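query-v6.txt follows (compact mmCIF, N, CA and C atoms):
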# COMPACT_ATOMS: atom_id res chain seq x y z
N MET N 24 -2.82 22.76 5.70
CA MET N 24 -1.63 22.19 5.12
C MET N 24 -1.31 22.94 3.83
N GLU N 25 -0.07 23.19 3.59
CA GLU N 25 0.35 23.91 2.39
C GLU N 25 0.30 22.99 1.18
N GLU N 26 0.27 23.63 -0.01
CA GLU N 26 0.19 22.86 -1.24
C GLU N 26 1.43 21.99 -1.45
N GLY N 27 2.60 22.52 -1.13
CA GLY N 27 3.84 21.78 -1.30
C GLY N 27 3.87 20.52 -0.45
N GLU N 28 3.42 20.64 0.79
CA GLU N 28 3.39 19.49 1.69
C GLU N 28 2.39 18.45 1.19
N GLU N 29 1.26 18.93 0.69
CA GLU N 29 0.23 18.03 0.20
C GLU N 29 0.71 17.24 -1.01
N LYS N 30 1.40 17.92 -1.95
CA LYS N 30 1.94 17.25 -3.14
C LYS N 30 3.00 16.23 -2.75
N GLN N 31 3.83 16.60 -1.78
CA GLN N 31 4.89 15.71 -1.35
C GLN N 31 4.30 14.45 -0.71
N LYS N 32 3.26 14.61 0.09
CA LYS N 32 2.62 13.46 0.73
C LYS N 32 1.97 12.56 -0.31
N GLU N 33 1.35 13.18 -1.32
CA GLU N 33 0.72 12.42 -2.39
C GLU N 33 1.76 11.61 -3.17
N GLU N 34 2.93 12.21 -3.42
CA GLU N 34 4.00 11.54 -4.14
C GLU N 34 4.55 10.37 -3.32
N GLN N 35 4.65 10.55 -2.01
CA GLN N 35 5.12 9.47 -1.15
C GLN N 35 4.14 8.31 -1.17
N ASN N 36 2.83 8.60 -1.19
CA ASN N 36 1.84 7.54 -1.24
C ASN N 36 1.95 6.76 -2.54
N LYS N 37 2.21 7.44 -3.66
CA LYS N 37 2.36 6.74 -4.94
C LYS N 37 3.58 5.83 -4.90
N ASN N 38 4.68 6.32 -4.35
CA ASN N 38 5.87 5.49 -4.23
C ASN N 38 5.62 4.31 -3.31
N GLY N 39 4.87 4.53 -2.26
CA GLY N 39 4.54 3.46 -1.33
C GLY N 39 3.71 2.39 -1.99
N LEU N 40 2.74 2.79 -2.82
CA LEU N 40 1.90 1.83 -3.51
C LEU N 40 2.74 0.98 -4.45
N ALA N 41 3.65 1.60 -5.18
CA ALA N 41 4.52 0.85 -6.10
C ALA N 41 5.35 -0.17 -5.34
N THR N 42 5.83 0.19 -4.18
CA THR N 42 6.62 -0.73 -3.38
C THR N 42 5.79 -1.93 -2.95
N TYR N 43 4.57 -1.67 -2.47
CA TYR N 43 3.70 -2.76 -2.04
C TYR N 43 3.35 -3.67 -3.21
N VAL N 44 3.08 -3.10 -4.38
CA VAL N 44 2.73 -3.90 -5.55
C VAL N 44 3.92 -4.76 -5.98
N CYS N 45 5.12 -4.21 -5.93
CA CYS N 45 6.31 -5.00 -6.30
C CYS N 45 6.50 -6.18 -5.35
N PHE N 46 6.37 -5.93 -4.06
CA PHE N 46 6.51 -7.03 -3.12
C PHE N 46 5.37 -8.03 -3.28
N GLY N 47 4.18 -7.54 -3.60
CA GLY N 47 3.06 -8.44 -3.86
C GLY N 47 3.31 -9.32 -5.06
N MET N 48 3.92 -8.76 -6.10
CA MET N 48 4.24 -9.55 -7.28
C MET N 48 5.27 -10.63 -6.95
N LEU N 49 6.29 -10.26 -6.19
CA LEU N 49 7.30 -11.25 -5.80
C LEU N 49 6.68 -12.37 -4.96
N PHE N 50 5.85 -11.99 -4.02
CA PHE N 50 5.16 -12.97 -3.19
C PHE N 50 4.25 -13.84 -4.06
N GLY N 51 3.56 -13.20 -5.01
CA GLY N 51 2.65 -13.93 -5.89
C GLY N 51 3.38 -14.93 -6.77
N VAL N 52 4.55 -14.56 -7.27
CA VAL N 52 5.32 -15.51 -8.09
C VAL N 52 5.73 -16.71 -7.24
N ALA N 53 6.14 -16.47 -6.02
CA ALA N 53 6.54 -17.57 -5.15
C ALA N 53 5.36 -18.50 -4.86
N ILE N 54 4.22 -17.92 -4.52
CA ILE N 54 3.03 -18.73 -4.25
C ILE N 54 2.55 -19.42 -5.52
N GLY N 55 2.55 -18.69 -6.64
CA GLY N 55 2.11 -19.25 -7.90
C GLY N 55 2.96 -20.40 -8.37
N SER N 56 4.26 -20.30 -8.17
CA SER N 56 5.12 -21.41 -8.59
C SER N 56 4.89 -22.63 -7.70
N ALA N 57 4.58 -22.41 -6.45
CA ALA N 57 4.27 -23.54 -5.57
C ALA N 57 2.97 -24.22 -5.99
N TRP N 58 2.00 -23.43 -6.47
CA TRP N 58 0.72 -23.97 -6.93
C TRP N 58 0.74 -24.38 -8.40
N HIS N 59 1.86 -24.16 -9.08
CA HIS N 59 2.00 -24.44 -10.52
C HIS N 59 1.02 -23.60 -11.34
N ASN N 60 0.78 -22.36 -10.88
CA ASN N 60 -0.11 -21.44 -11.58
C ASN N 60 0.38 -20.02 -11.26
N VAL N 61 1.39 -19.57 -12.00
CA VAL N 61 2.03 -18.29 -11.70
C VAL N 61 1.07 -17.12 -11.94
N GLY N 62 0.23 -17.21 -12.95
CA GLY N 62 -0.71 -16.12 -13.23
C GLY N 62 -1.65 -15.86 -12.07
N LEU N 63 -2.20 -16.92 -11.51
CA LEU N 63 -3.09 -16.78 -10.36
C LEU N 63 -2.33 -16.22 -9.16
N GLY N 64 -1.10 -16.68 -8.96
CA GLY N 64 -0.29 -16.18 -7.85
C GLY N 64 -0.01 -14.70 -7.97
N LEU N 65 0.31 -14.24 -9.19
CA LEU N 65 0.56 -12.82 -9.41
C LEU N 65 -0.67 -11.99 -9.07
N VAL N 66 -1.81 -12.40 -9.57
CA VAL N 66 -3.04 -11.65 -9.32
C VAL N 66 -3.35 -11.60 -7.83
N LEU N 67 -3.24 -12.73 -7.16
CA LEU N 67 -3.52 -12.76 -5.72
C LEU N 67 -2.50 -11.93 -4.93
N GLY N 68 -1.24 -12.00 -5.31
CA GLY N 68 -0.21 -11.23 -4.63
C GLY N 68 -0.44 -9.73 -4.76
N ILE N 69 -0.78 -9.29 -5.97
CA ILE N 69 -1.04 -7.87 -6.19
C ILE N 69 -2.30 -7.43 -5.43
N ALA N 70 -3.34 -8.26 -5.46
CA ALA N 70 -4.58 -7.92 -4.77
C ALA N 70 -4.37 -7.80 -3.26
N ILE N 71 -3.63 -8.73 -2.70
CA ILE N 71 -3.37 -8.70 -1.26
C ILE N 71 -2.50 -7.50 -0.90
N ALA N 72 -1.51 -7.19 -1.73
CA ALA N 72 -0.64 -6.03 -1.46
C ALA N 72 -1.44 -4.74 -1.53
N TYR N 73 -2.32 -4.62 -2.52
CA TYR N 73 -3.12 -3.40 -2.65
C TYR N 73 -4.10 -3.25 -1.48
N ALA N 74 -4.70 -4.36 -1.07
CA ALA N 74 -5.62 -4.31 0.07
C ALA N 74 -4.88 -3.90 1.35
N TYR N 75 -3.70 -4.44 1.56
CA TYR N 75 -2.92 -4.08 2.74
C TYR N 75 -2.51 -2.61 2.68
N TYR N 76 -2.14 -2.13 1.49
CA TYR N 76 -1.77 -0.72 1.33
C TYR N 76 -2.95 0.18 1.69
N GLN N 77 -4.14 -0.15 1.19
CA GLN N 77 -5.32 0.66 1.49
C GLN N 77 -5.63 0.65 2.98
N TYR N 78 -5.48 -0.49 3.62
CA TYR N 78 -5.70 -0.59 5.06
C TYR N 78 -4.71 0.29 5.82
N LYS N 79 -3.45 0.25 5.38
CA LYS N 79 -2.41 1.04 6.05
C LYS N 79 -2.65 2.54 5.87
N VAL N 80 -3.04 2.96 4.68
CA VAL N 80 -3.28 4.38 4.41
C VAL N 80 -4.44 4.88 5.26
N LYS N 81 -5.50 4.10 5.35
CA LYS N 81 -6.65 4.51 6.16
C LYS N 81 -6.29 4.60 7.63
N SER N 82 -5.51 3.64 8.13
CA SER N 82 -5.13 3.69 9.54
C SER N 82 -4.19 4.86 9.81
N ASP N 83 -3.32 5.20 8.84
CA ASP N 83 -2.44 6.35 9.01
C ASP N 83 -3.25 7.64 9.05
N LYS N 84 -4.25 7.76 8.18
CA LYS N 84 -5.09 8.96 8.18
C LYS N 84 -5.85 9.08 9.49
N LYS N 85 -6.33 7.95 10.00
CA LYS N 85 -7.07 7.95 11.26
C LYS N 85 -6.17 8.42 12.40
N ASN N 86 -4.93 7.92 12.42
CA ASN N 86 -3.98 8.32 13.45
C ASN N 86 -3.63 9.79 13.34
N ASN N 87 -3.46 10.30 12.12
CA ASN N 87 -3.14 11.72 11.93
C ASN N 87 -4.29 12.60 12.39
N ASN N 88 -5.52 12.19 12.11
CA ASN N 88 -6.67 12.97 12.55
C ASN N 88 -6.76 13.00 14.06
N ASN N 89 -6.50 11.89 14.71
CA ASN N 89 -6.53 11.84 16.16
C ASN N 89 -5.44 12.72 16.75
N ASN N 90 -4.26 12.72 16.14
CA ASN N 90 -3.15 13.55 16.64
C ASN N 90 -3.46 15.02 16.47
N GLU N 91 -4.10 15.41 15.36
CA GLU N 91 -4.44 16.81 15.13
C GLU N 91 -5.49 17.28 16.14
N LEU N 92 -6.42 16.41 16.52
CA LEU N 92 -7.42 16.79 17.51
C LEU N 92 -6.79 17.02 18.87
N HIS N 93 -5.80 16.23 19.21
CA HIS N 93 -5.15 16.36 20.53
C HIS N 93 -4.21 17.56 20.58
N LYS N 94 -3.73 18.04 19.43
CA LYS N 94 -2.83 19.18 19.42
C LYS N 94 -3.55 20.47 19.73
N GLU N 95 -4.83 20.55 19.41
CA GLU N 95 -5.57 21.81 19.61
C GLU N 95 -5.86 22.10 21.04

Rewrite the structure of this file - the entire thing - as structure tokens.
Amino acid sequence: MEEGEEKQKEEQNKNGLATYVCFGMLFGVAIGSAWHNVGLGLVLGIAIAYAYYQYKVKSDKKNNNNNELHKE
């Protein structure tokens, strides 16, 4: 893989993480207000969003590795 492609993919992953964290914060505020504890909701929302992001990145890497093996 070329350096330009690698940097572009890394930048996309950073943007993706920010998107997941933002949605996690929104979800956390909603859950936190229902529980009357917004701080706890924010932390849980961000944690869940980050965990889901990590799961998605790993599954994408696994799929890319499988596709590269089949191309050869």

Would you compute the distance between atom N of N:Trp58 and atom CA of N:Gln77? Give it in Å to one decimal.
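Distance reported for this atom pair: 26.4 Å.
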
Could you check how far atom CA of N:Ile69 sits from atom N of N:Lys85, in Å to one decimal?
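Taking atom CA of N:Ile69 as the start and atom N of N:Lys85 as the end point, the length is 23.2 Å.
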
With 3 Å of padding per side, what axis-aligned box (centre and edge lengths, Å, one decimal) covers all the listed atoms of stretch 42-61 of chain N? Give it as AutoDock Vina command-line options.
--center_x 3.6 --center_y -12.1 --center_z -7.0 --size_x 13.4 --size_y 30.6 --size_z 16.0

Among listed residues N:Gly68, N:Lys81, N:Tyr43, N:Tyr76, nearest N:Gly55 (using only C-alpha atoms):
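Of all the options, N:Gly68 lies closest to N:Gly55.
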